[in-house]
$ cat coords39.pdb   # PDB, C-alpha atoms
MODEL        1
ATOM      1  CA  MET A   1       3.806 -92.710 -56.665
ATOM      2  CA  ASN A   2       7.076 -93.702 -55.032
ATOM      3  CA  HIS A   3       9.795 -95.505 -56.948
ATOM      4  CA  PRO A   4      13.556 -95.796 -56.602
ATOM      5  CA  VAL A   5      15.594 -93.034 -58.158
ATOM      6  CA  SER A   6      17.856 -94.107 -60.988
ATOM      7  CA  GLY A   7      21.416 -93.037 -61.651
ATOM      8  CA  ILE A   8      22.106 -91.338 -58.344
ATOM      9  CA  SER A   9      25.195 -91.448 -56.177
ATOM     10  CA  ARG A  10      25.795 -93.986 -53.408
ATOM     11  CA  ARG A  11      25.095 -91.380 -50.742
ATOM     12  CA  ALA A  12      21.896 -90.366 -52.509
ATOM     13  CA  ARG A  13      20.783 -94.024 -52.640
ATOM     14  CA  VAL A  14      21.087 -94.144 -48.874
ATOM     15  CA  LEU A  15      18.645 -91.257 -48.806
ATOM     16  CA  SER A  16      16.385 -92.678 -51.517
ATOM     17  CA  ALA A  17      13.637 -93.886 -49.191
ATOM     18  CA  GLY A  18      13.145 -90.398 -47.822
ATOM     19  CA  LEU A  19      13.483 -88.793 -51.236
ATOM     20  CA  ALA A  20      10.934 -91.040 -52.888
ATOM     21  CA  ALA A  21       8.507 -90.284 -50.088
ATOM     22  CA  GLY A  22       8.661 -86.624 -51.077
ATOM     23  CA  VAL A  23      10.948 -85.403 -48.294
ATOM     24  CA  LEU A  24      12.340 -81.966 -49.035
ATOM     25  CA  VAL A  25      16.086 -82.302 -49.490
ATOM     26  CA  PRO A  26      18.414 -79.493 -48.405
ATOM     27  CA  LEU A  27      20.806 -78.166 -51.007
ATOM     28  CA  GLY A  28      24.083 -80.073 -50.927
ATOM     29  CA  ALA A  29      22.623 -83.116 -49.168
ATOM     30  CA  VAL A  30      23.339 -85.342 -52.155
ATOM     31  CA  ALA A  31      26.835 -86.148 -53.350
ATOM     32  CA  THR A  32      27.920 -84.411 -56.543
ATOM     33  CA  ALA A  33      27.832 -86.036 -59.949
ATOM     34  CA  THR A  34      30.553 -85.888 -62.579
ATOM     35  CA  PRO A  35      30.762 -82.323 -63.930
ATOM     36  CA  ALA A  36      28.939 -81.840 -67.203
ATOM     37  CA  ALA A  37      30.703 -80.858 -70.380
ATOM     38  CA  ALA A  38      30.708 -77.177 -71.234
ATOM     39  CA  ALA A  39      27.774 -76.151 -73.384
ATOM     40  CA  ALA A  40      28.139 -74.226 -76.616
ATOM     41  CA  ALA A  41      28.236 -70.462 -76.236
ATOM     42  CA  PRO A  42      24.649 -69.326 -75.598
ATOM     43  CA  GLN A  43      22.969 -67.257 -78.290
ATOM     44  CA  VAL A  44      20.382 -65.075 -76.614
ATOM     45  CA  THR A  45      17.803 -63.291 -78.795
ATOM     46  CA  CYS A  46      16.014 -60.205 -77.446
ATOM     47  CA  THR A  47      13.561 -57.671 -78.827
ATOM     48  CA  SER A  48      12.018 -54.677 -77.084
ATOM     49  CA  ALA A  49       9.916 -51.597 -77.716
ATOM     50  CA  GLN A  50      12.135 -49.758 -75.224
ATOM     51  CA  SER A  51      15.242 -48.300 -76.800
ATOM     52  CA  GLY A  52      18.442 -50.043 -75.785
ATOM     53  CA  LEU A  53      16.816 -52.611 -73.502
ATOM     54  CA  ALA A  54      17.057 -55.588 -75.861
ATOM     55  CA  ALA A  55      20.782 -55.089 -76.413
ATOM     56  CA  LYS A  56      21.373 -54.652 -72.680
ATOM     57  CA  LEU A  57      19.465 -57.819 -71.785
ATOM     58  CA  LYS A  58      21.179 -59.852 -74.474
ATOM     59  CA  LYS A  59      24.594 -58.735 -73.270
ATOM     60  CA  ASP A  60      23.902 -59.253 -69.579
ATOM     61  CA  ILE A  61      22.155 -62.640 -69.896
ATOM     62  CA  THR A  62      24.992 -63.837 -72.129
ATOM     63  CA  THR A  63      27.539 -62.596 -69.586
ATOM     64  CA  ALA A  64      25.684 -64.342 -66.743
ATOM     65  CA  LEU A  65      25.919 -67.618 -68.645
ATOM     66  CA  LYS A  66      29.530 -67.232 -69.737
ATOM     67  CA  ASN A  67      31.520 -70.354 -68.827
ATOM     68  CA  ARG A  68      28.479 -71.991 -67.201
ATOM     69  CA  LYS A  69      28.328 -75.709 -67.912
ATOM     70  CA  GLY A  70      25.297 -77.745 -68.866
ATOM     71  CA  THR A  71      22.335 -76.747 -71.037
ATOM     72  CA  VAL A  72      20.323 -73.634 -70.198
ATOM     73  CA  ALA A  73      17.099 -72.390 -71.777
ATOM     74  CA  VAL A  74      15.681 -68.949 -71.003
ATOM     75  CA  GLY A  75      12.391 -67.198 -71.647
ATOM     76  CA  LEU A  76      11.520 -63.619 -70.681
ATOM     77  CA  HIS A  77       8.507 -61.496 -71.525
ATOM     78  CA  ASP A  78       7.690 -58.061 -70.141
ATOM     79  CA  ARG A  79       4.273 -56.800 -71.192
ATOM     80  CA  THR A  80       5.040 -53.242 -70.112
ATOM     81  CA  THR A  81       8.030 -52.669 -72.397
ATOM     82  CA  GLY A  82       7.116 -55.198 -75.075
ATOM     83  CA  THR A  83      10.321 -57.067 -74.300
ATOM     84  CA  THR A  84      11.024 -60.706 -75.112
ATOM     85  CA  CYS A  85      14.214 -62.730 -74.736
ATOM     86  CA  THR A  86      14.756 -66.377 -75.622
ATOM     87  CA  LEU A  87      17.551 -68.904 -75.464
ATOM     88  CA  ARG A  88      17.019 -72.490 -76.629
ATOM     89  CA  PRO A  89      13.216 -71.968 -76.549
ATOM     90  CA  THR A  90      12.403 -75.416 -77.963
ATOM     91  CA  THR A  91      14.926 -77.550 -76.057
ATOM     92  CA  SER A  92      13.102 -80.214 -74.047
ATOM     93  CA  PHE A  93      13.687 -80.970 -70.360
ATOM     94  CA  ASP A  94      12.274 -83.282 -67.693
ATOM     95  CA  SER A  95       9.917 -81.038 -65.740
ATOM     96  CA  ALA A  96      10.574 -82.121 -62.149
ATOM     97  CA  SER A  97       8.262 -80.163 -59.807
ATOM     98  CA  VAL A  98       7.731 -77.269 -62.227
ATOM     99  CA  VAL A  99       4.902 -79.354 -63.738
ATOM    100  CA  LYS A 100       2.900 -78.799 -60.553
ATOM    101  CA  ALA A 101       1.855 -75.412 -61.926
ATOM    102  CA  THR A 102       0.407 -77.203 -64.951
ATOM    103  CA  VAL A 103      -1.386 -79.702 -62.706
ATOM    104  CA  LEU A 104      -3.049 -76.846 -60.824
ATOM    105  CA  ALA A 105      -4.004 -75.128 -64.069
ATOM    106  CA  THR A 106      -5.534 -78.374 -65.344
ATOM    107  CA  LEU A 107      -7.531 -78.812 -62.130
ATOM    108  CA  LEU A 108      -8.962 -75.303 -62.400
ATOM    109  CA  TRP A 109      -9.628 -75.567 -66.146
ATOM    110  CA  ASP A 110     -11.468 -78.849 -65.637
ATOM    111  CA  ALA A 111     -13.577 -77.411 -62.793
ATOM    112  CA  GLN A 112     -14.457 -74.401 -64.928
ATOM    113  CA  LYS A 113     -16.031 -76.626 -67.563
ATOM    114  CA  THR A 114     -18.809 -77.607 -65.171
ATOM    115  CA  GLY A 115     -18.903 -74.256 -63.399
ATOM    116  CA  ARG A 116     -17.922 -75.733 -60.052
ATOM    117  CA  ALA A 117     -15.635 -74.422 -57.346
ATOM    118  CA  LEU A 118     -12.790 -76.531 -56.012
ATOM    119  CA  THR A 119     -13.709 -78.709 -53.047
ATOM    120  CA  SER A 120     -12.051 -78.114 -49.683
ATOM    121  CA  ARG A 121     -10.036 -81.285 -50.260
ATOM    122  CA  GLU A 122      -8.846 -80.059 -53.652
ATOM    123  CA  LYS A 123      -7.905 -76.691 -52.196
ATOM    124  CA  THR A 124      -5.831 -78.367 -49.498
ATOM    125  CA  LEU A 125      -4.075 -80.572 -52.037
ATOM    126  CA  ALA A 126      -3.472 -77.642 -54.385
ATOM    127  CA  THR A 127      -2.086 -75.475 -51.592
ATOM    128  CA  ASP A 128       0.292 -78.196 -50.426
ATOM    129  CA  MET A 129       1.354 -78.955 -53.997
ATOM    130  CA  ILE A 130       2.289 -75.374 -54.855
ATOM    131  CA  THR A 131       3.341 -73.705 -51.601
ATOM    132  CA  LYS A 132       5.293 -76.685 -50.215
ATOM    133  CA  SER A 133       5.831 -78.681 -53.429
ATOM    134  CA  ASP A 134       4.210 -81.706 -51.796
ATOM    135  CA  ASN A 135       4.664 -84.802 -53.981
ATOM    136  CA  ASN A 136       1.895 -86.874 -52.455
ATOM    137  CA  ALA A 137      -0.643 -84.088 -53.042
ATOM    138  CA  THR A 138       0.547 -83.836 -56.642
ATOM    139  CA  SER A 139       0.228 -87.582 -57.217
ATOM    140  CA  THR A 140      -3.298 -87.525 -55.794
ATOM    141  CA  LEU A 141      -4.384 -84.723 -58.137
ATOM    142  CA  TRP A 142      -2.563 -86.285 -61.110
ATOM    143  CA  ARG A 143      -4.471 -89.550 -60.582
ATOM    144  CA  GLN A 144      -7.757 -87.693 -60.083
ATOM    145  CA  LEU A 145      -7.353 -85.749 -63.317
ATOM    146  CA  GLY A 146      -5.786 -88.451 -65.441
ATOM    147  CA  VAL A 147      -3.462 -87.853 -68.369
ATOM    148  CA  THR A 148      -6.390 -87.301 -70.760
ATOM    149  CA  LYS A 149      -7.501 -84.168 -68.896
ATOM    150  CA  VAL A 150      -3.913 -82.929 -68.623
ATOM    151  CA  LYS A 151      -3.560 -83.302 -72.386
ATOM    152  CA  GLY A 152      -6.881 -81.510 -72.820
ATOM    153  CA  PHE A 153      -5.589 -78.513 -70.898
ATOM    154  CA  LEU A 154      -2.312 -78.529 -72.823
ATOM    155  CA  THR A 155      -4.248 -78.444 -76.077
ATOM    156  CA  ALA A 156      -6.423 -75.571 -74.868
ATOM    157  CA  ALA A 157      -3.309 -73.713 -73.703
ATOM    158  CA  LYS A 158      -1.525 -74.383 -77.015
ATOM    159  CA  MET A 159       1.357 -75.940 -75.065
ATOM    160  CA  THR A 160       1.984 -78.210 -78.027
ATOM    161  CA  LYS A 161       5.407 -79.543 -77.060
ATOM    162  CA  THR A 162       4.627 -80.460 -73.441
ATOM    163  CA  VAL A 163       4.288 -84.231 -73.043
ATOM    164  CA  PRO A 164       2.843 -85.620 -69.777
ATOM    165  CA  GLY A 165       5.003 -88.183 -67.998
ATOM    166  CA  SER A 166       3.759 -91.754 -68.388
ATOM    167  CA  GLY A 167       3.155 -94.371 -65.714
ATOM    168  CA  GLY A 168       2.281 -91.772 -63.104
ATOM    169  CA  TYR A 169       5.721 -90.164 -63.315
ATOM    170  CA  TRP A 170       4.485 -86.604 -63.589
ATOM    171  CA  GLY A 171       7.995 -85.307 -62.812
ATOM    172  CA  LEU A 172       9.158 -86.701 -66.152
ATOM    173  CA  THR A 173       6.724 -84.577 -68.129
ATOM    174  CA  ARG A 174       8.677 -83.051 -71.005
ATOM    175  CA  ILE A 175       8.607 -79.262 -71.112
ATOM    176  CA  ASN A 176      10.296 -76.380 -72.896
ATOM    177  CA  VAL A 177      10.655 -72.661 -72.319
ATOM    178  CA  THR A 178       8.175 -71.717 -75.041
ATOM    179  CA  ASP A 179       5.373 -73.684 -73.394
ATOM    180  CA  GLU A 180       6.280 -72.577 -69.868
ATOM    181  CA  GLN A 181       6.082 -68.963 -71.009
ATOM    182  CA  LYS A 182       2.665 -69.680 -72.541
ATOM    183  CA  LEU A 183       1.550 -71.092 -69.189
ATOM    184  CA  LEU A 184       2.787 -68.047 -67.287
ATOM    185  CA  ALA A 185       1.057 -65.792 -69.820
ATOM    186  CA  LEU A 186      -2.226 -67.544 -69.036
ATOM    187  CA  PHE A 187      -1.676 -66.936 -65.334
ATOM    188  CA  THR A 188      -0.856 -63.250 -65.731
ATOM    189  CA  GLY A 189      -3.151 -61.950 -68.471
ATOM    190  CA  LYS A 190      -6.804 -62.230 -69.482
ATOM    191  CA  ASN A 191      -7.502 -65.204 -71.732
ATOM    192  CA  THR A 192     -10.212 -67.677 -72.696
ATOM    193  CA  VAL A 193      -8.549 -70.724 -71.108
ATOM    194  CA  LEU A 194      -8.490 -69.709 -67.435
ATOM    195  CA  THR A 195     -10.994 -67.382 -65.805
ATOM    196  CA  ASP A 196      -9.871 -64.344 -63.834
ATOM    197  CA  THR A 197     -10.826 -66.214 -60.662
ATOM    198  CA  SER A 198      -8.697 -69.208 -61.626
ATOM    199  CA  ARG A 199      -5.753 -66.999 -62.561
ATOM    200  CA  ALA A 200      -5.950 -65.150 -59.262
ATOM    201  CA  TYR A 201      -5.985 -68.445 -57.377
ATOM    202  CA  VAL A 202      -2.873 -69.718 -59.133
ATOM    203  CA  LEU A 203      -0.987 -66.492 -58.496
ATOM    204  CA  LYS A 204      -2.102 -66.442 -54.868
ATOM    205  CA  LEU A 205      -0.580 -69.884 -54.268
ATOM    206  CA  MET A 206       2.578 -69.158 -56.274
ATOM    207  CA  GLY A 207       2.956 -66.021 -54.184
ATOM    208  CA  LYS A 208       2.837 -68.033 -50.945
ATOM    209  CA  VAL A 209       5.592 -70.547 -51.707
ATOM    210  CA  VAL A 210       7.590 -71.236 -48.536
ATOM    211  CA  SER A 211      10.759 -69.162 -48.195
ATOM    212  CA  SER A 212      13.093 -72.145 -48.613
ATOM    213  CA  GLN A 213      11.608 -72.693 -52.083
ATOM    214  CA  ARG A 214      11.615 -69.050 -53.216
ATOM    215  CA  TRP A 215      14.950 -69.367 -54.988
ATOM    216  CA  GLY A 216      15.725 -69.171 -58.709
ATOM    217  CA  THR A 217      13.914 -66.585 -60.824
ATOM    218  CA  PRO A 218      13.018 -64.324 -57.846
ATOM    219  CA  ALA A 219      16.719 -63.647 -57.156
ATOM    220  CA  GLY A 220      17.359 -59.941 -57.461
ATOM    221  CA  ALA A 221      13.723 -58.889 -57.816
ATOM    222  CA  PRO A 222      13.188 -55.324 -56.559
ATOM    223  CA  SER A 223      11.357 -54.887 -53.282
ATOM    224  CA  GLY A 224       7.747 -53.994 -53.890
ATOM    225  CA  VAL A 225       7.524 -56.338 -56.875
ATOM    226  CA  ALA A 226       5.083 -59.216 -56.318
ATOM    227  CA  ILE A 227       6.853 -62.578 -56.665
ATOM    228  CA  HIS A 228       5.120 -65.735 -57.902
ATOM    229  CA  VAL A 229       7.338 -68.797 -58.362
ATOM    230  CA  LYS A 230       7.454 -72.554 -58.888
ATOM    231  CA  ASN A 231      10.703 -74.478 -58.960
ATOM    232  CA  GLY A 232      11.843 -78.034 -59.443
ATOM    233  CA  TRP A 233      14.846 -80.319 -59.508
ATOM    234  CA  LEU A 234      15.751 -83.964 -59.959
ATOM    235  CA  GLN A 235      18.815 -86.042 -60.787
ATOM    236  CA  ARG A 236      19.205 -88.864 -63.279
ATOM    237  CA  SER A 237      22.130 -90.763 -64.764
ATOM    238  CA  THR A 238      21.809 -88.819 -68.030
ATOM    239  CA  HIS A 239      22.017 -85.014 -68.036
ATOM    240  CA  GLY A 240      22.804 -84.955 -64.302
ATOM    241  CA  TRP A 241      20.751 -82.497 -62.277
ATOM    242  CA  ARG A 242      17.722 -80.854 -63.842
ATOM    243  CA  VAL A 243      17.125 -77.557 -62.025
ATOM    244  CA  HIS A 244      14.302 -75.247 -63.142
ATOM    245  CA  SER A 245      12.514 -72.081 -62.062
ATOM    246  CA  ILE A 246       9.503 -70.260 -63.512
ATOM    247  CA  GLY A 247       8.285 -66.968 -62.116
ATOM    248  CA  ALA A 248       5.858 -64.102 -62.645
ATOM    249  CA  PHE A 249       6.623 -60.605 -61.373
ATOM    250  CA  LYS A 250       4.541 -57.441 -61.235
ATOM    251  CA  GLY A 251       5.318 -54.007 -59.862
ATOM    252  CA  GLY A 252       7.699 -51.124 -60.306
ATOM    253  CA  GLY A 253       6.212 -50.361 -63.702
ATOM    254  CA  HIS A 254       6.739 -53.860 -65.061
ATOM    255  CA  ASP A 255       4.687 -57.024 -65.615
ATOM    256  CA  TYR A 256       6.998 -59.848 -66.623
ATOM    257  CA  THR A 257       7.575 -63.588 -66.598
ATOM    258  CA  ILE A 258      10.827 -65.543 -66.537
ATOM    259  CA  SER A 259      11.431 -69.226 -67.234
ATOM    260  CA  VAL A 260      14.870 -70.789 -66.829
ATOM    261  CA  LEU A 261      15.235 -74.527 -67.463
ATOM    262  CA  THR A 262      18.541 -76.360 -67.071
ATOM    263  CA  HIS A 263      20.103 -79.795 -67.143
ATOM    264  CA  GLY A 264      23.625 -81.143 -67.213
ATOM    265  CA  ASN A 265      24.341 -79.531 -63.823
ATOM    266  CA  SER A 266      26.941 -81.268 -61.655
ATOM    267  CA  THR A 267      25.082 -80.400 -58.450
ATOM    268  CA  MET A 268      21.843 -78.814 -57.298
ATOM    269  CA  ASN A 269      23.856 -75.808 -56.124
ATOM    270  CA  TYR A 270      25.352 -75.318 -59.558
ATOM    271  CA  GLY A 271      21.970 -75.258 -61.310
ATOM    272  CA  VAL A 272      20.489 -72.868 -58.759
ATOM    273  CA  ALA A 273      23.456 -70.516 -59.177
ATOM    274  CA  THR A 274      23.086 -70.559 -62.966
ATOM    275  CA  ILE A 275      19.382 -69.686 -62.788
ATOM    276  CA  GLN A 276      19.924 -66.959 -60.221
ATOM    277  CA  GLY A 277      22.676 -65.398 -62.306
ATOM    278  CA  VAL A 278      20.238 -65.028 -65.210
ATOM    279  CA  ALA A 279      17.446 -63.774 -62.943
ATOM    280  CA  LYS A 280      19.619 -61.120 -61.331
ATOM    281  CA  ALA A 281      20.640 -59.826 -64.753
ATOM    282  CA  VAL A 282      17.014 -59.586 -65.901
ATOM    283  CA  HIS A 283      15.722 -57.876 -62.757
ATOM    284  CA  LYS A 284      18.640 -55.428 -62.804
ATOM    285  CA  ASP A 285      18.082 -54.449 -66.420
ATOM    286  CA  LEU A 286      14.336 -53.970 -65.947
ATOM    287  CA  ALA A 287      14.818 -51.931 -62.764
ATOM    288  CA  PRO A 288      18.315 -50.447 -63.012
ATOM    289  CA  GLY A 289      17.748 -47.814 -60.345
ATOM    290  CA  THR A 290      17.109 -50.291 -57.534
ATOM    291  CA  SER A 291      19.918 -50.688 -55.008
ATOM    292  CA  ALA A 292      21.302 -54.100 -54.113
ATOM    293  CA  ALA A 293      19.915 -53.722 -50.594
ATOM    294  CA  ALA A 294      16.407 -53.323 -52.008
ATOM    295  CA  ARG A 295      16.507 -56.560 -54.014
ATOM    296  CA  TYR A 296      15.287 -60.008 -53.023
ATOM    297  CA  THR A 297      17.972 -62.387 -51.784
ATOM    298  CA  PRO A 298      16.936 -66.067 -51.753
ATOM    299  CA  THR A 299      17.905 -68.447 -48.987
ATOM    300  CA  VAL A 300      21.416 -69.894 -49.132
ATOM    301  CA  THR A 301      19.964 -73.351 -48.445
ATOM    302  CA  PRO A 302      17.308 -73.844 -51.139
ATOM    303  CA  ARG A 303      14.929 -76.776 -50.900
ATOM    304  CA  GLU A 304      12.658 -78.605 -53.307
ATOM    305  CA  ALA A 305      10.835 -81.927 -53.422
ATOM    306  CA  PHE A 306      12.906 -84.662 -55.031
ATOM    307  CA  VAL A 307      10.406 -86.329 -57.343
ATOM    308  CA  SER A 308      10.162 -90.038 -58.157
ATOM    309  CA  VAL A 309      11.627 -91.433 -61.374
ATOM    310  CA  PRO A 310      11.720 -95.021 -62.644
ATOM    311  CA  GLY A 311      14.264 -97.341 -61.044
ATOM    312  CA  SER A 312      17.255 -98.568 -63.020
TER     313      SER A 312
ENDMDL
END

$ encode --input "coords39.pdb" --output "structure tokens"
Amino acid sequence: MNHPVSGISRRARVLSAGLAAGVLVPLGAVATATPAAAAAAPQVTCTSAQSGLAAKLKKDITTALKNRKGTVAVGLHDRTTGTTCTLRPTTSFDSASVVKATVLATLLWDAQKTGRALTSREKTLATDMITKSDNNATSTLWRQLGVTKVKGFLTAAKMTKTVPGSGGYWGLTRINVTDEQKLLALFTGKNTVLTDTSRAYVLKLMGKVVSSQRWGTPAGAPSGVAIHVKNGWLQRSTHGWRVHSIGAFKGGGHDYTISVLTHGNSTMNYGVATIQGVAKAVHKDLAPGTSAAARYTPTVTPREAFVSVPGS
């Protein structure tokens, strides 16, 4: 569903026709907004079964966020070391394209109920939606499913604070770190909501995201660690740029998920840098012996699909 974007700069309005059509916008293509006010000092909470790891993560995530502006929420869980970190776990954000992972999960969950496989059409739409963040494919699947089925999946997944966007504006679904971590847990571990086949399909697509969209939580991941990611961004007149990244990582003796949600960013670049600072700290602390040369470096020109929001 294509609508004008509200609250964007004059230069961005010139680009609005292309943006609303789901064109992928290169980082820095839109004029900057007024810088956001500095957020309160982040209070990261970490626990771990591995001695010293919780304190290290808390210190390094806090350092990564020092003097960063805007609002940042963080979720981390590593099954291997029994490690969990949270920051603002219940703060709500507009989802942008991150919700596409939930749309795919809903599609698979709904198909499971009747024991059917996805059609070739659905597979094409799902692939485009996740690997290229295609907006039109997402809108098609969102309409096919309907909000009732999306809510049904959210209930089954116990994602109690996720609220689907109304009026077809799936990018304005309200999400928080707690629910995004629940979603990633369903993708990465056996459960009664998604079958092993469904989970494998989600991870396969999240592992094939185009290189220009593999920014955010993968930054700094050790080589040899499987990367599965879905990102999103959008700009509105309130809270500036929303920039988000959720990722699942397995290898090197670890099995972990990271969610970083942000708003109040002055530019897309700023939000991406904030997320990648957190991600690098996490990956480094979980795999301290990995050299910088053996860590994943995202593109310097990240892309994402600029999703539609209601006009002003």

$ axis_aligned_box --input "coords39.pdb" --around "region 193-203 of chain A" --padding-each-side "3 Å" --output "AutoDock Vina command-line options"
--center_x -6.0 --center_y -67.5 --center_z -64.2 --size_x 16.0 --size_y 12.4 --size_z 19.7

$ residues_around --input "coords39.pdb" --residues "Pro302 (chain A)" --least-positions-apart "2" --cutoff "8 Å" --atoms "only C-alpha atoms" --output "list of chain:residue names"
A:Pro26, A:Leu27, A:Ser212, A:Gln213, A:Arg214, A:Trp215, A:Pro298, A:Thr299, A:Val300, A:Glu304

$ write_last_selection --input "coords39.pdb" --atoms "C-alpha atoms" --output "PDB file, in the coordinates of the input"
ATOM      1  CA  PRO A  26      18.414 -79.493 -48.405  1.00  0.00           C
ATOM      2  CA  LEU A  27      20.806 -78.166 -51.007  1.00  0.00           C
ATOM      3  CA  SER A 212      13.093 -72.145 -48.613  1.00  0.00           C
ATOM      4  CA  GLN A 213      11.608 -72.693 -52.083  1.00  0.00           C
ATOM      5  CA  ARG A 214      11.615 -69.050 -53.216  1.00  0.00           C
ATOM      6  CA  TRP A 215      14.950 -69.367 -54.988  1.00  0.00           C
ATOM      7  CA  PRO A 298      16.936 -66.067 -51.753  1.00  0.00           C
ATOM      8  CA  THR A 299      17.905 -68.447 -48.987  1.00  0.00           C
ATOM      9  CA  VAL A 300      21.416 -69.894 -49.132  1.00  0.00           C
ATOM     10  CA  GLU A 304      12.658 -78.605 -53.307  1.00  0.00           C
TER      11      GLU A 304
END

$ resolve_selection --input "coords39.pdb" --expression "the PyMOL selection byres ((chain A and resi 238-241) around 7)" --output "PDB file with C-alpha atoms, in the coordinates of the input"
ATOM      1  CA  ALA A  33      27.832 -86.036 -59.949  1.00  0.00           C
ATOM      2  CA  TRP A 233      14.846 -80.319 -59.508  1.00  0.00           C
ATOM      3  CA  LEU A 234      15.751 -83.964 -59.959  1.00  0.00           C
ATOM      4  CA  GLN A 235      18.815 -86.042 -60.787  1.00  0.00           C
ATOM      5  CA  ARG A 236      19.205 -88.864 -63.279  1.00  0.00           C
ATOM      6  CA  SER A 237      22.130 -90.763 -64.764  1.00  0.00           C
ATOM      7  CA  ARG A 242      17.722 -80.854 -63.842  1.00  0.00           C
ATOM      8  CA  VAL A 243      17.125 -77.557 -62.025  1.00  0.00           C
ATOM      9  CA  HIS A 263      20.103 -79.795 -67.143  1.00  0.00           C
ATOM     10  CA  GLY A 264      23.625 -81.143 -67.213  1.00  0.00           C
ATOM     11  CA  ASN A 265      24.341 -79.531 -63.823  1.00  0.00           C
ATOM     12  CA  SER A 266      26.941 -81.268 -61.655  1.00  0.00           C
ATOM     13  CA  THR A 267      25.082 -80.400 -58.450  1.00  0.00           C
ATOM     14  CA  MET A 268      21.843 -78.814 -57.298  1.00  0.00           C
TER      15      MET A 268
END

$ atom_distance --input "coords39.pdb" --atom1 "CA of Val44 (chain A)" --atom2 "CA of Cys85 (chain A)"
6.9 Å

$ residues_around --input "coords39.pdb" --residues "Gln43 (chain A)" --least-positions-apart "4" --cutoff "10 Å" --atoms "only C-alpha atoms" --output "ChimeraX atom specification"
/A:58,61-62,86-88

$ resolve_selection --input "coords39.pdb" --expression "the PyMOL selection byres ((chain A and resi 143) around 12)" --output "list in words"
Met1, Val103, Leu107, Asn136, Ala137, Thr138, Ser139, Thr140, Leu141, Trp142, Gln144, Leu145, Gly146, Val147, Thr148, Lys149, Val150, Ser166, Gly167, Gly168, Tyr169 and Trp170 of chain A

$ closest_residue --input "coords39.pdb" --among "A:Ser223, A:Thr91, A:Gln112, A:Thr197" --to "Gly289 (chain A)" --atoms "all atoms listed in the file"
A:Ser223

$ closest_residue --input "coords39.pdb" --among "A:Val272, A:Leu108, A:Met129, A:Val282" --to "Asp196 (chain A)" --atoms "only C-alpha atoms"
A:Leu108

$ closest_residue --input "coords39.pdb" --among "A:Met206, A:Ile130, A:Ala101, A:Ala156" --to "Val229 (chain A)" --atoms "only C-alpha atoms"
A:Met206

$ resolve_selection --input "coords39.pdb" --expression "the PyMOL selection byres ((chain A and resi 259) around 10)" --output "VMD selection string"
chain A and resid 73 to 77 86 89 176 to 181 184 216 to 217 229 to 231 244 to 248 257 to 258 260 to 261 275 278 to 279

$ closest_residue --input "coords39.pdb" --among "A:Leu183, A:Arg79, A:Ala281, A:Pro288" --to "Lys59 (chain A)" --atoms "all atoms listed in the file"
A:Ala281

$ closest_residue --input "coords39.pdb" --among "A:Gly253, A:Ala221, A:Val72, A:Asn269" --to "Ala294 (chain A)" --atoms "all atoms listed in the file"
A:Ala221

$ closest_residue --input "coords39.pdb" --among "A:Ala126, A:Leu194, A:Leu57, A:Leu286" --to "Lys208 (chain A)" --atoms "all atoms listed in the file"
A:Ala126

$ atom_distance --input "coords39.pdb" --atom1 "CA of Asp134 (chain A)" --atom2 "CA of Ala117 (chain A)"
21.9 Å

$ atom_distance --input "coords39.pdb" --atom1 "CA of Lys69 (chain A)" --atom2 "CA of Thr301 (chain A)"
21.3 Å

$ residues_near_point --input "coords39.pdb" --point "(7.2, -51.5, -61.4)" --cutoff "8 Å" --atoms "all atoms listed in the file" --output "list in words"
Gly224, Val225, Lys250, Gly251, Gly252, Gly253, His254, Asp255 and Ala287 of chain A
